[in-house]
file start27.tsv (TSV, N, CA, C and O atoms)
chain	number	residue	atom	x	y	z
A	141	MET	N	-26.04	-19.73	-33.32
A	141	MET	CA	-26.72	-18.83	-32.41
A	141	MET	C	-25.68	-18.15	-31.50
A	141	MET	O	-24.77	-18.78	-30.99
A	142	LYS	N	-25.84	-16.87	-31.32
A	142	LYS	CA	-24.91	-16.12	-30.48
A	142	LYS	C	-25.24	-16.35	-29.01
A	142	LYS	O	-26.39	-16.57	-28.65
A	143	ASN	N	-24.21	-16.28	-28.20
A	143	ASN	CA	-24.48	-16.42	-26.77
A	143	ASN	C	-25.07	-15.12	-26.23
A	143	ASN	O	-24.97	-14.05	-26.83
A	144	SER	N	-25.67	-15.20	-25.06
A	144	SER	CA	-26.41	-14.05	-24.53
A	144	SER	C	-25.48	-12.88	-24.19
A	144	SER	O	-25.88	-11.73	-24.31
A	145	SER	N	-24.25	-13.15	-23.75
A	145	SER	CA	-23.36	-12.04	-23.40
A	145	SER	C	-22.97	-11.23	-24.64
A	145	SER	O	-22.80	-10.02	-24.56
A	146	SER	N	-22.87	-11.88	-25.78
A	146	SER	CA	-22.57	-11.18	-27.02
A	146	SER	C	-23.73	-10.28	-27.43
A	146	SER	O	-23.52	-9.15	-27.88
A	147	ILE	N	-24.93	-10.77	-27.26
A	147	ILE	CA	-26.12	-9.99	-27.61
A	147	ILE	C	-26.24	-8.77	-26.69
A	147	ILE	O	-26.51	-7.67	-27.14
A	148	VAL	N	-26.01	-8.99	-25.41
A	148	VAL	CA	-26.09	-7.88	-24.44
A	148	VAL	C	-25.02	-6.85	-24.76
A	148	VAL	O	-25.28	-5.63	-24.72
A	149	ARG	N	-23.83	-7.29	-25.08
A	149	ARG	CA	-22.74	-6.36	-25.41
A	149	ARG	C	-23.09	-5.53	-26.64
A	149	ARG	O	-22.87	-4.31	-26.66
A	150	GLN	N	-23.65	-6.16	-27.66
A	150	GLN	CA	-24.04	-5.42	-28.87
A	150	GLN	C	-25.12	-4.40	-28.56
A	150	GLN	O	-25.07	-3.27	-29.06
A	151	MET	N	-26.10	-4.78	-27.75
A	151	MET	CA	-27.17	-3.85	-27.39
A	151	MET	C	-26.62	-2.68	-26.58
A	151	MET	O	-27.01	-1.53	-26.79
A	152	TYR	N	-25.72	-2.98	-25.66
A	152	TYR	CA	-25.12	-1.93	-24.83
A	152	TYR	C	-24.34	-0.94	-25.69
A	152	TYR	O	-24.47	0.27	-25.53
A	153	LEU	N	-23.53	-1.45	-26.60
A	153	LEU	CA	-22.74	-0.57	-27.46
A	153	LEU	C	-23.62	0.22	-28.42
A	153	LEU	O	-23.25	1.32	-28.84
A	154	LYS	N	-24.79	-0.31	-28.72
A	154	LYS	CA	-25.71	0.39	-29.61
A	154	LYS	C	-26.35	1.60	-28.93
A	154	LYS	O	-26.55	2.63	-29.55
A	155	ILE	N	-26.65	1.48	-27.64
A	155	ILE	CA	-27.30	2.59	-26.94
A	155	ILE	C	-26.31	3.50	-26.22
A	155	ILE	O	-26.70	4.56	-25.71
A	156	LEU	N	-25.03	3.12	-26.16
A	156	LEU	CA	-24.03	3.92	-25.45
A	156	LEU	C	-23.93	5.37	-25.94
A	156	LEU	O	-23.90	6.28	-25.10
A	157	PRO	N	-23.90	5.64	-27.25
A	157	PRO	CA	-23.82	7.05	-27.68
A	157	PRO	C	-24.99	7.90	-27.18
A	157	PRO	O	-24.79	9.04	-26.78
A	158	MET	N	-26.18	7.33	-27.17
A	158	MET	CA	-27.33	8.11	-26.69
A	158	MET	C	-27.25	8.34	-25.18
A	158	MET	O	-27.67	9.38	-24.68
A	159	GLN	N	-26.71	7.39	-24.45
A	159	GLN	CA	-26.52	7.59	-23.01
A	159	GLN	C	-25.52	8.71	-22.74
A	159	GLN	O	-25.76	9.56	-21.88
A	160	ILE	N	-24.43	8.71	-23.48
A	160	ILE	CA	-23.43	9.77	-23.32
A	160	ILE	C	-24.02	11.12	-23.70
A	160	ILE	O	-23.82	12.12	-23.00
A	161	PHE	N	-24.77	11.16	-24.79
A	161	PHE	CA	-25.42	12.40	-25.21
A	161	PHE	C	-26.38	12.90	-24.13
A	161	PHE	O	-26.42	14.09	-23.81
A	162	GLY	N	-27.14	12.00	-23.52
A	162	GLY	CA	-28.07	12.39	-22.46
A	162	GLY	C	-27.37	12.96	-21.25
A	162	GLY	O	-27.83	13.93	-20.64
A	163	ILE	N	-26.24	12.38	-20.89
A	163	ILE	CA	-25.47	12.88	-19.75
A	163	ILE	C	-24.94	14.28	-20.04
A	163	ILE	O	-24.98	15.17	-19.17
A	164	ILE	N	-24.45	14.50	-21.26
A	164	ILE	CA	-23.92	15.81	-21.64
A	164	ILE	C	-25.04	16.86	-21.63
A	164	ILE	O	-24.86	17.97	-21.12
A	165	VAL	N	-26.20	16.51	-22.18
A	165	VAL	CA	-27.33	17.45	-22.20
A	165	VAL	C	-27.77	17.79	-20.77
A	165	VAL	O	-28.05	18.95	-20.46
A	166	ASN	N	-27.80	16.80	-19.91
A	166	ASN	CA	-28.18	17.04	-18.52
A	166	ASN	C	-27.18	17.97	-17.82
A	166	ASN	O	-27.57	18.85	-17.05
A	167	ALA	N	-25.90	17.78	-18.08
A	167	ALA	CA	-24.89	18.64	-17.47
A	167	ALA	C	-25.01	20.08	-17.97
A	167	ALA	O	-24.90	21.02	-17.18
A	168	ILE	N	-25.24	20.25	-19.27
A	168	ILE	CA	-25.41	21.59	-19.83
A	168	ILE	C	-26.66	22.24	-19.25
A	168	ILE	O	-26.65	23.44	-18.91
A	169	ASN	N	-27.73	21.47	-19.10
A	169	ASN	CA	-28.97	21.99	-18.52
A	169	ASN	C	-28.73	22.47	-17.09
A	169	ASN	O	-29.19	23.56	-16.71
A	170	SER	N	-28.01	21.71	-16.29
A	170	SER	CA	-27.71	22.12	-14.92
A	170	SER	C	-26.87	23.39	-14.89
A	170	SER	O	-27.10	24.28	-14.06
A	171	LEU	N	-25.92	23.47	-15.78
A	171	LEU	CA	-25.06	24.66	-15.85
A	171	LEU	C	-25.87	25.91	-16.20
A	171	LEU	O	-25.74	26.95	-15.56
A	172	ILE	N	-26.72	25.80	-17.20
A	172	ILE	CA	-27.54	26.94	-17.61
A	172	ILE	C	-28.53	27.32	-16.51
A	172	ILE	O	-28.74	28.50	-16.24
A	173	ASP	N	-29.12	26.32	-15.85
A	173	ASP	CA	-30.02	26.62	-14.73
A	173	ASP	C	-29.29	27.40	-13.64
A	173	ASP	O	-29.84	28.35	-13.08
A	174	GLY	N	-28.07	27.00	-13.35
A	174	GLY	CA	-27.30	27.69	-12.32
A	174	GLY	C	-26.99	29.12	-12.70
A	174	GLY	O	-27.10	30.03	-11.88
A	175	ILE	N	-26.61	29.33	-13.95
A	175	ILE	CA	-26.29	30.69	-14.40
A	175	ILE	C	-27.53	31.58	-14.36
A	175	ILE	O	-27.49	32.71	-13.85
A	176	VAL	N	-28.63	31.09	-14.89
A	176	VAL	CA	-29.86	31.88	-14.93
A	176	VAL	C	-30.35	32.17	-13.51
A	176	VAL	O	-30.72	33.30	-13.19
A	177	THR	N	-30.33	31.15	-12.66
A	177	THR	CA	-30.80	31.34	-11.29
A	177	THR	C	-29.95	32.36	-10.55
A	177	THR	O	-30.47	33.24	-9.86
A	178	SER	N	-28.64	32.25	-10.68
A	178	SER	CA	-27.79	33.17	-9.93
A	178	SER	C	-27.87	34.59	-10.45
A	178	SER	O	-27.80	35.55	-9.68
A	179	ARG	N	-28.03	34.77	-11.75
A	179	ARG	CA	-28.09	36.14	-12.31
A	179	ARG	C	-29.44	36.80	-12.08
A	179	ARG	O	-29.51	38.00	-11.83
A	180	ILE	N	-30.52	36.04	-12.18
A	180	ILE	CA	-31.85	36.65	-12.06
A	180	ILE	C	-32.33	36.67	-10.61
A	180	ILE	O	-32.84	37.70	-10.14
A	181	LEU	N	-32.16	35.57	-9.90
A	181	LEU	CA	-32.73	35.48	-8.55
A	181	LEU	C	-31.73	35.71	-7.44
A	181	LEU	O	-32.12	35.95	-6.31
A	182	GLY	N	-30.44	35.57	-7.74
A	182	GLY	CA	-29.42	35.86	-6.73
A	182	GLY	C	-28.82	34.61	-6.11
A	182	GLY	O	-29.27	33.49	-6.33
A	183	PRO	N	-27.79	34.84	-5.30
A	183	PRO	CA	-27.05	33.72	-4.73
A	183	PRO	C	-27.85	32.89	-3.72
A	183	PRO	O	-27.63	31.69	-3.59
A	184	LYS	N	-28.77	33.51	-3.00
A	184	LYS	CA	-29.58	32.74	-2.04
A	184	LYS	C	-30.49	31.76	-2.77
A	184	LYS	O	-30.69	30.63	-2.32
A	185	ALA	N	-31.04	32.19	-3.89
A	185	ALA	CA	-31.88	31.28	-4.68
A	185	ALA	C	-31.05	30.15	-5.26
A	185	ALA	O	-31.50	29.00	-5.31
A	186	LEU	N	-29.83	30.46	-5.68
A	186	LEU	CA	-28.95	29.43	-6.22
A	186	LEU	C	-28.61	28.40	-5.14
A	186	LEU	O	-28.58	27.20	-5.41
A	187	SER	N	-28.39	28.85	-3.92
A	187	SER	CA	-28.11	27.90	-2.86
A	187	SER	C	-29.33	27.04	-2.53
A	187	SER	O	-29.20	25.85	-2.23
A	188	ALA	N	-30.53	27.60	-2.64
A	188	ALA	CA	-31.75	26.82	-2.41
A	188	ALA	C	-31.94	25.78	-3.52
A	188	ALA	O	-32.31	24.65	-3.25
A	189	VAL	N	-31.66	26.16	-4.74
A	189	VAL	CA	-31.75	25.21	-5.86
A	189	VAL	C	-30.71	24.11	-5.68
A	189	VAL	O	-30.98	22.93	-5.94
A	190	GLY	N	-29.54	24.45	-5.21
A	190	GLY	CA	-28.48	23.48	-5.01
A	190	GLY	C	-28.81	22.44	-3.95
A	190	GLY	O	-28.27	21.34	-3.98
A	191	LEU	N	-29.68	22.78	-3.03
A	191	LEU	CA	-30.10	21.80	-2.02
A	191	LEU	C	-30.91	20.67	-2.63
A	191	LEU	O	-30.83	19.52	-2.20
A	192	PHE	N	-31.71	20.97	-3.64
A	192	PHE	CA	-32.61	19.99	-4.23
A	192	PHE	C	-32.07	19.36	-5.49
A	192	PHE	O	-32.41	18.23	-5.83
A	193	GLY	N	-31.24	20.06	-6.22
A	193	GLY	CA	-30.65	19.53	-7.42
A	193	GLY	C	-29.28	20.15	-7.60
A	193	GLY	O	-29.18	21.30	-8.00
A	194	PRO	N	-28.24	19.43	-7.23
A	194	PRO	CA	-26.90	20.03	-7.27
A	194	PRO	C	-26.58	20.65	-8.63
A	194	PRO	O	-26.88	20.07	-9.67
A	195	VAL	N	-26.05	21.84	-8.60
A	195	VAL	CA	-25.71	22.57	-9.81
A	195	VAL	C	-24.21	22.45	-10.05
A	195	VAL	O	-23.42	22.70	-9.15
A	196	GLY	N	-23.84	22.10	-11.27
A	196	GLY	CA	-22.42	22.05	-11.62
A	196	GLY	C	-21.76	20.85	-11.18
A	196	GLY	O	-21.40	20.09	-10.60
call {"tool": "encode", "arguments": {"input": "start27.tsv", "output": "structure tokens"}}
result
Amino acid sequence: MKNSSSIVRQMYLKILPMQIFGIIVNAINSLIDGIVTSRILGPKALSAVGLFGPVG
């Protein structure tokens, strides 16, 4: 029987790629939101969005 730390390590390494992928997708989403907001609504709108969800 494997010890619990080995099982936890295997589970962590199994989900690690999806966690990294999620972080990258979230960063790209924030970047695109910032670009769209600043081009369509202007810099004041971008600063308002930045107060609630930091962009970039």
call {"tool": "closest_residue", "arguments": {"input": "start27.tsv", "among": "A:Phe161, A:Leu186, A:Val148, A:Ile155", "to": "Asp173 of chain A", "atoms": "all atoms listed in the file"}}
result
A:Leu186
call {"tool": "atom_distance", "arguments": {"input": "start27.tsv", "atom1": "atom CA of Lys184 of chain A", "atom2": "atom CA of Asn169 of chain A"}}
result
19.7 Å
call {"tool": "select_by_dssp", "arguments": {"input": "start27.tsv", "residues": "chain A", "states": "alpha helix (DSSP H)", "output": "PDB file with N, CA, C and O atoms, in the frame of the given file"}}
result
ATOM      1  N   SER A 144     -25.670 -15.200 -25.060  1.00  0.00           N
ATOM      2  CA  SER A 144     -26.410 -14.050 -24.530  1.00  0.00           C
ATOM      3  C   SER A 144     -25.480 -12.880 -24.190  1.00  0.00           C
ATOM      4  O   SER A 144     -25.880 -11.730 -24.310  1.00  0.00           O
ATOM      5  N   SER A 145     -24.250 -13.150 -23.750  1.00  0.00           N
ATOM      6  CA  SER A 145     -23.360 -12.040 -23.400  1.00  0.00           C
ATOM      7  C   SER A 145     -22.970 -11.230 -24.640  1.00  0.00           C
ATOM      8  O   SER A 145     -22.800 -10.020 -24.560  1.00  0.00           O
ATOM      9  N   SER A 146     -22.870 -11.880 -25.780  1.00  0.00           N
ATOM     10  CA  SER A 146     -22.570 -11.180 -27.020  1.00  0.00           C
ATOM     11  C   SER A 146     -23.730 -10.280 -27.430  1.00  0.00           C
ATOM     12  O   SER A 146     -23.520  -9.150 -27.880  1.00  0.00           O
ATOM     13  N   ILE A 147     -24.930 -10.770 -27.260  1.00  0.00           N
ATOM     14  CA  ILE A 147     -26.120  -9.990 -27.610  1.00  0.00           C
ATOM     15  C   ILE A 147     -26.240  -8.770 -26.690  1.00  0.00           C
ATOM     16  O   ILE A 147     -26.510  -7.670 -27.140  1.00  0.00           O
ATOM     17  N   VAL A 148     -26.010  -8.990 -25.410  1.00  0.00           N
ATOM     18  CA  VAL A 148     -26.090  -7.880 -24.440  1.00  0.00           C
ATOM     19  C   VAL A 148     -25.020  -6.850 -24.760  1.00  0.00           C
ATOM     20  O   VAL A 148     -25.280  -5.630 -24.720  1.00  0.00           O
ATOM     21  N   ARG A 149     -23.830  -7.290 -25.080  1.00  0.00           N
ATOM     22  CA  ARG A 149     -22.740  -6.360 -25.410  1.00  0.00           C
ATOM     23  C   ARG A 149     -23.090  -5.530 -26.640  1.00  0.00           C
ATOM     24  O   ARG A 149     -22.870  -4.310 -26.660  1.00  0.00           O
ATOM     25  N   GLN A 150     -23.650  -6.160 -27.660  1.00  0.00           N
ATOM     26  CA  GLN A 150     -24.040  -5.420 -28.870  1.00  0.00           C
ATOM     27  C   GLN A 150     -25.120  -4.400 -28.560  1.00  0.00           C
ATOM     28  O   GLN A 150     -25.070  -3.270 -29.060  1.00  0.00           O
ATOM     29  N   MET A 151     -26.100  -4.780 -27.750  1.00  0.00           N
ATOM     30  CA  MET A 151     -27.170  -3.850 -27.390  1.00  0.00           C
ATOM     31  C   MET A 151     -26.620  -2.680 -26.580  1.00  0.00           C
ATOM     32  O   MET A 151     -27.010  -1.530 -26.790  1.00  0.00           O
ATOM     33  N   TYR A 152     -25.720  -2.980 -25.660  1.00  0.00           N
ATOM     34  CA  TYR A 152     -25.120  -1.930 -24.830  1.00  0.00           C
ATOM     35  C   TYR A 152     -24.340  -0.940 -25.690  1.00  0.00           C
ATOM     36  O   TYR A 152     -24.470   0.270 -25.530  1.00  0.00           O
ATOM     37  N   LEU A 153     -23.530  -1.450 -26.600  1.00  0.00           N
ATOM     38  CA  LEU A 153     -22.740  -0.570 -27.460  1.00  0.00           C
ATOM     39  C   LEU A 153     -23.620   0.220 -28.420  1.00  0.00           C
ATOM     40  O   LEU A 153     -23.250   1.320 -28.840  1.00  0.00           O
ATOM     41  N   LYS A 154     -24.790  -0.310 -28.720  1.00  0.00           N
ATOM     42  CA  LYS A 154     -25.710   0.390 -29.610  1.00  0.00           C
ATOM     43  C   LYS A 154     -26.350   1.600 -28.930  1.00  0.00           C
ATOM     44  O   LYS A 154     -26.550   2.630 -29.550  1.00  0.00           O
ATOM     45  N   ILE A 155     -26.650   1.480 -27.640  1.00  0.00           N
ATOM     46  CA  ILE A 155     -27.300   2.590 -26.940  1.00  0.00           C
ATOM     47  C   ILE A 155     -26.310   3.500 -26.220  1.00  0.00           C
ATOM     48  O   ILE A 155     -26.700   4.560 -25.710  1.00  0.00           O
ATOM     49  N   LEU A 156     -25.030   3.120 -26.160  1.00  0.00           N
ATOM     50  CA  LEU A 156     -24.030   3.920 -25.450  1.00  0.00           C
ATOM     51  C   LEU A 156     -23.930   5.370 -25.940  1.00  0.00           C
ATOM     52  O   LEU A 156     -23.900   6.280 -25.100  1.00  0.00           O
ATOM     53  N   PRO A 157     -23.900   5.640 -27.250  1.00  0.00           N
ATOM     54  CA  PRO A 157     -23.820   7.050 -27.680  1.00  0.00           C
ATOM     55  C   PRO A 157     -24.990   7.900 -27.180  1.00  0.00           C
ATOM     56  O   PRO A 157     -24.790   9.040 -26.780  1.00  0.00           O
ATOM     57  N   MET A 158     -26.180   7.330 -27.170  1.00  0.00           N
ATOM     58  CA  MET A 158     -27.330   8.110 -26.690  1.00  0.00           C
ATOM     59  C   MET A 158     -27.250   8.340 -25.180  1.00  0.00           C
ATOM     60  O   MET A 158     -27.670   9.380 -24.680  1.00  0.00           O
ATOM     61  N   GLN A 159     -26.710   7.390 -24.450  1.00  0.00           N
ATOM     62  CA  GLN A 159     -26.520   7.590 -23.010  1.00  0.00           C
ATOM     63  C   GLN A 159     -25.520   8.710 -22.740  1.00  0.00           C
ATOM     64  O   GLN A 159     -25.760   9.560 -21.880  1.00  0.00           O
ATOM     65  N   ILE A 160     -24.430   8.710 -23.480  1.00  0.00           N
ATOM     66  CA  ILE A 160     -23.430   9.770 -23.320  1.00  0.00           C
ATOM     67  C   ILE A 160     -24.020  11.120 -23.700  1.00  0.00           C
ATOM     68  O   ILE A 160     -23.820  12.120 -23.000  1.00  0.00           O
ATOM     69  N   PHE A 161     -24.770  11.160 -24.790  1.00  0.00           N
ATOM     70  CA  PHE A 161     -25.420  12.400 -25.210  1.00  0.00           C
ATOM     71  C   PHE A 161     -26.380  12.900 -24.130  1.00  0.00           C
ATOM     72  O   PHE A 161     -26.420  14.090 -23.810  1.00  0.00           O
ATOM     73  N   GLY A 162     -27.140  12.000 -23.520  1.00  0.00           N
ATOM     74  CA  GLY A 162     -28.070  12.390 -22.460  1.00  0.00           C
ATOM     75  C   GLY A 162     -27.370  12.960 -21.250  1.00  0.00           C
ATOM     76  O   GLY A 162     -27.830  13.930 -20.640  1.00  0.00           O
ATOM     77  N   ILE A 163     -26.240  12.380 -20.890  1.00  0.00           N
ATOM     78  CA  ILE A 163     -25.470  12.880 -19.750  1.00  0.00           C
ATOM     79  C   ILE A 163     -24.940  14.280 -20.040  1.00  0.00           C
ATOM     80  O   ILE A 163     -24.980  15.170 -19.170  1.00  0.00           O
ATOM     81  N   ILE A 164     -24.450  14.500 -21.260  1.00  0.00           N
ATOM     82  CA  ILE A 164     -23.920  15.810 -21.640  1.00  0.00           C
ATOM     83  C   ILE A 164     -25.040  16.860 -21.630  1.00  0.00           C
ATOM     84  O   ILE A 164     -24.860  17.970 -21.120  1.00  0.00           O
ATOM     85  N   VAL A 165     -26.200  16.510 -22.180  1.00  0.00           N
ATOM     86  CA  VAL A 165     -27.330  17.450 -22.200  1.00  0.00           C
ATOM     87  C   VAL A 165     -27.770  17.790 -20.770  1.00  0.00           C
ATOM     88  O   VAL A 165     -28.050  18.950 -20.460  1.00  0.00           O
ATOM     89  N   ASN A 166     -27.800  16.800 -19.910  1.00  0.00           N
ATOM     90  CA  ASN A 166     -28.180  17.040 -18.520  1.00  0.00           C
ATOM     91  C   ASN A 166     -27.180  17.970 -17.820  1.00  0.00           C
ATOM     92  O   ASN A 166     -27.570  18.850 -17.050  1.00  0.00           O
ATOM     93  N   ALA A 167     -25.900  17.780 -18.080  1.00  0.00           N
ATOM     94  CA  ALA A 167     -24.890  18.640 -17.470  1.00  0.00           C
ATOM     95  C   ALA A 167     -25.010  20.080 -17.970  1.00  0.00           C
ATOM     96  O   ALA A 167     -24.900  21.020 -17.180  1.00  0.00           O
ATOM     97  N   ILE A 168     -25.240  20.250 -19.270  1.00  0.00           N
ATOM     98  CA  ILE A 168     -25.410  21.590 -19.830  1.00  0.00           C
ATOM     99  C   ILE A 168     -26.660  22.240 -19.250  1.00  0.00           C
ATOM    100  O   ILE A 168     -26.650  23.440 -18.910  1.00  0.00           O
ATOM    101  N   ASN A 169     -27.730  21.470 -19.100  1.00  0.00           N
ATOM    102  CA  ASN A 169     -28.970  21.990 -18.520  1.00  0.00           C
ATOM    103  C   ASN A 169     -28.730  22.470 -17.090  1.00  0.00           C
ATOM    104  O   ASN A 169     -29.190  23.560 -16.710  1.00  0.00           O
ATOM    105  N   SER A 170     -28.010  21.710 -16.290  1.00  0.00           N
ATOM    106  CA  SER A 170     -27.710  22.120 -14.920  1.00  0.00           C
ATOM    107  C   SER A 170     -26.870  23.390 -14.890  1.00  0.00           C
ATOM    108  O   SER A 170     -27.100  24.280 -14.060  1.00  0.00           O
ATOM    109  N   LEU A 171     -25.920  23.470 -15.780  1.00  0.00           N
ATOM    110  CA  LEU A 171     -25.060  24.660 -15.850  1.00  0.00           C
ATOM    111  C   LEU A 171     -25.870  25.910 -16.200  1.00  0.00           C
ATOM    112  O   LEU A 171     -25.740  26.950 -15.560  1.00  0.00           O
ATOM    113  N   ILE A 172     -26.720  25.800 -17.200  1.00  0.00           N
ATOM    114  CA  ILE A 172     -27.540  26.940 -17.610  1.00  0.00           C
ATOM    115  C   ILE A 172     -28.530  27.320 -16.510  1.00  0.00           C
ATOM    116  O   ILE A 172     -28.740  28.500 -16.240  1.00  0.00           O
ATOM    117  N   ASP A 173     -29.120  26.320 -15.850  1.00  0.00           N
ATOM    118  CA  ASP A 173     -30.020  26.620 -14.730  1.00  0.00           C
ATOM    119  C   ASP A 173     -29.290  27.400 -13.640  1.00  0.00           C
ATOM    120  O   ASP A 173     -29.840  28.350 -13.080  1.00  0.00           O
ATOM    121  N   GLY A 174     -28.070  27.000 -13.350  1.00  0.00           N
ATOM    122  CA  GLY A 174     -27.300  27.690 -12.320  1.00  0.00           C
ATOM    123  C   GLY A 174     -26.990  29.120 -12.700  1.00  0.00           C
ATOM    124  O   GLY A 174     -27.100  30.030 -11.880  1.00  0.00           O
ATOM    125  N   ILE A 175     -26.610  29.330 -13.950  1.00  0.00           N
ATOM    126  CA  ILE A 175     -26.290  30.690 -14.400  1.00  0.00           C
ATOM    127  C   ILE A 175     -27.530  31.580 -14.360  1.00  0.00           C
ATOM    128  O   ILE A 175     -27.490  32.710 -13.850  1.00  0.00           O
ATOM    129  N   VAL A 176     -28.630  31.090 -14.890  1.00  0.00           N
ATOM    130  CA  VAL A 176     -29.860  31.880 -14.930  1.00  0.00           C
ATOM    131  C   VAL A 176     -30.350  32.170 -13.510  1.00  0.00           C
ATOM    132  O   VAL A 176     -30.720  33.300 -13.190  1.00  0.00           O
ATOM    133  N   PRO A 183     -27.790  34.840  -5.300  1.00  0.00           N
ATOM    134  CA  PRO A 183     -27.050  33.720  -4.730  1.00  0.00           C
ATOM    135  C   PRO A 183     -27.850  32.890  -3.720  1.00  0.00           C
ATOM    136  O   PRO A 183     -27.630  31.690  -3.590  1.00  0.00           O
ATOM    137  N   LYS A 184     -28.770  33.510  -3.000  1.00  0.00           N
ATOM    138  CA  LYS A 184     -29.580  32.740  -2.040  1.00  0.00           C
ATOM    139  C   LYS A 184     -30.490  31.760  -2.770  1.00  0.00           C
ATOM    140  O   LYS A 184     -30.690  30.630  -2.320  1.00  0.00           O
ATOM    141  N   ALA A 185     -31.040  32.190  -3.890  1.00  0.00           N
ATOM    142  CA  ALA A 185     -31.880  31.280  -4.680  1.00  0.00           C
ATOM    143  C   ALA A 185     -31.050  30.150  -5.260  1.00  0.00           C
ATOM    144  O   ALA A 185     -31.500  29.000  -5.310  1.00  0.00           O
ATOM    145  N   LEU A 186     -29.830  30.460  -5.680  1.00  0.00           N
ATOM    146  CA  LEU A 186     -28.950  29.430  -6.220  1.00  0.00           C
ATOM    147  C   LEU A 186     -28.610  28.400  -5.140  1.00  0.00           C
ATOM    148  O   LEU A 186     -28.580  27.200  -5.410  1.00  0.00           O
ATOM    149  N   SER A 187     -28.390  28.850  -3.920  1.00  0.00           N
ATOM    150  CA  SER A 187     -28.110  27.900  -2.860  1.00  0.00           C
ATOM    151  C   SER A 187     -29.330  27.040  -2.530  1.00  0.00           C
ATOM    152  O   SER A 187     -29.200  25.850  -2.230  1.00  0.00           O
ATOM    153  N   ALA A 188     -30.530  27.600  -2.640  1.00  0.00           N
ATOM    154  CA  ALA A 188     -31.750  26.820  -2.410  1.00  0.00           C
ATOM    155  C   ALA A 188     -31.940  25.780  -3.520  1.00  0.00           C
ATOM    156  O   ALA A 188     -32.310  24.650  -3.250  1.00  0.00           O
ATOM    157  N   VAL A 189     -31.660  26.160  -4.740  1.00  0.00           N
ATOM    158  CA  VAL A 189     -31.750  25.210  -5.860  1.00  0.00           C
ATOM    159  C   VAL A 189     -30.710  24.110  -5.680  1.00  0.00           C
ATOM    160  O   VAL A 189     -30.980  22.930  -5.940  1.00  0.00           O
ATOM    161  N   GLY A 190     -29.540  24.450  -5.210  1.00  0.00           N
ATOM    162  CA  GLY A 190     -28.480  23.480  -5.010  1.00  0.00           C
ATOM    163  C   GLY A 190     -28.810  22.440  -3.950  1.00  0.00           C
ATOM    164  O   GLY A 190     -28.270  21.340  -3.980  1.00  0.00           O
ATOM    165  N   LEU A 191     -29.680  22.780  -3.030  1.00  0.00           N
ATOM    166  CA  LEU A 191     -30.100  21.800  -2.020  1.00  0.00           C
ATOM    167  C   LEU A 191     -30.910  20.670  -2.630  1.00  0.00           C
ATOM    168  O   LEU A 191     -30.830  19.520  -2.200  1.00  0.00           O
ATOM    169  N   PHE A 192     -31.710  20.970  -3.640  1.00  0.00           N
ATOM    170  CA  PHE A 192     -32.610  19.990  -4.230  1.00  0.00           C
ATOM    171  C   PHE A 192     -32.070  19.360  -5.490  1.00  0.00           C
ATOM    172  O   PHE A 192     -32.410  18.230  -5.830  1.00  0.00           O
TER     173      PHE A 192
END
call {"tool": "atom_distance", "arguments": {"input": "start27.tsv", "atom1": "atom CA of Ile160 of chain A", "atom2": "atom CA of Arg179 of chain A"}}
result
29.0 Å
call {"tool": "atom_distance", "arguments": {"input": "start27.tsv", "atom1": "atom CA of Ala167 of chain A", "atom2": "atom CA of Met151 of chain A"}}
result
24.7 Å
call {"tool": "axis_aligned_box", "arguments": {"input": "start27.tsv", "around": "segment 158-174 of chain A", "padding_each_side": "3 Å", "output": "lines of an AutoDock Vina configuration file"}}
result
center_x = -26.7
center_y = 18.7
center_z = -19.5
size_x = 12.6
size_y = 28.7
size_z = 21.3
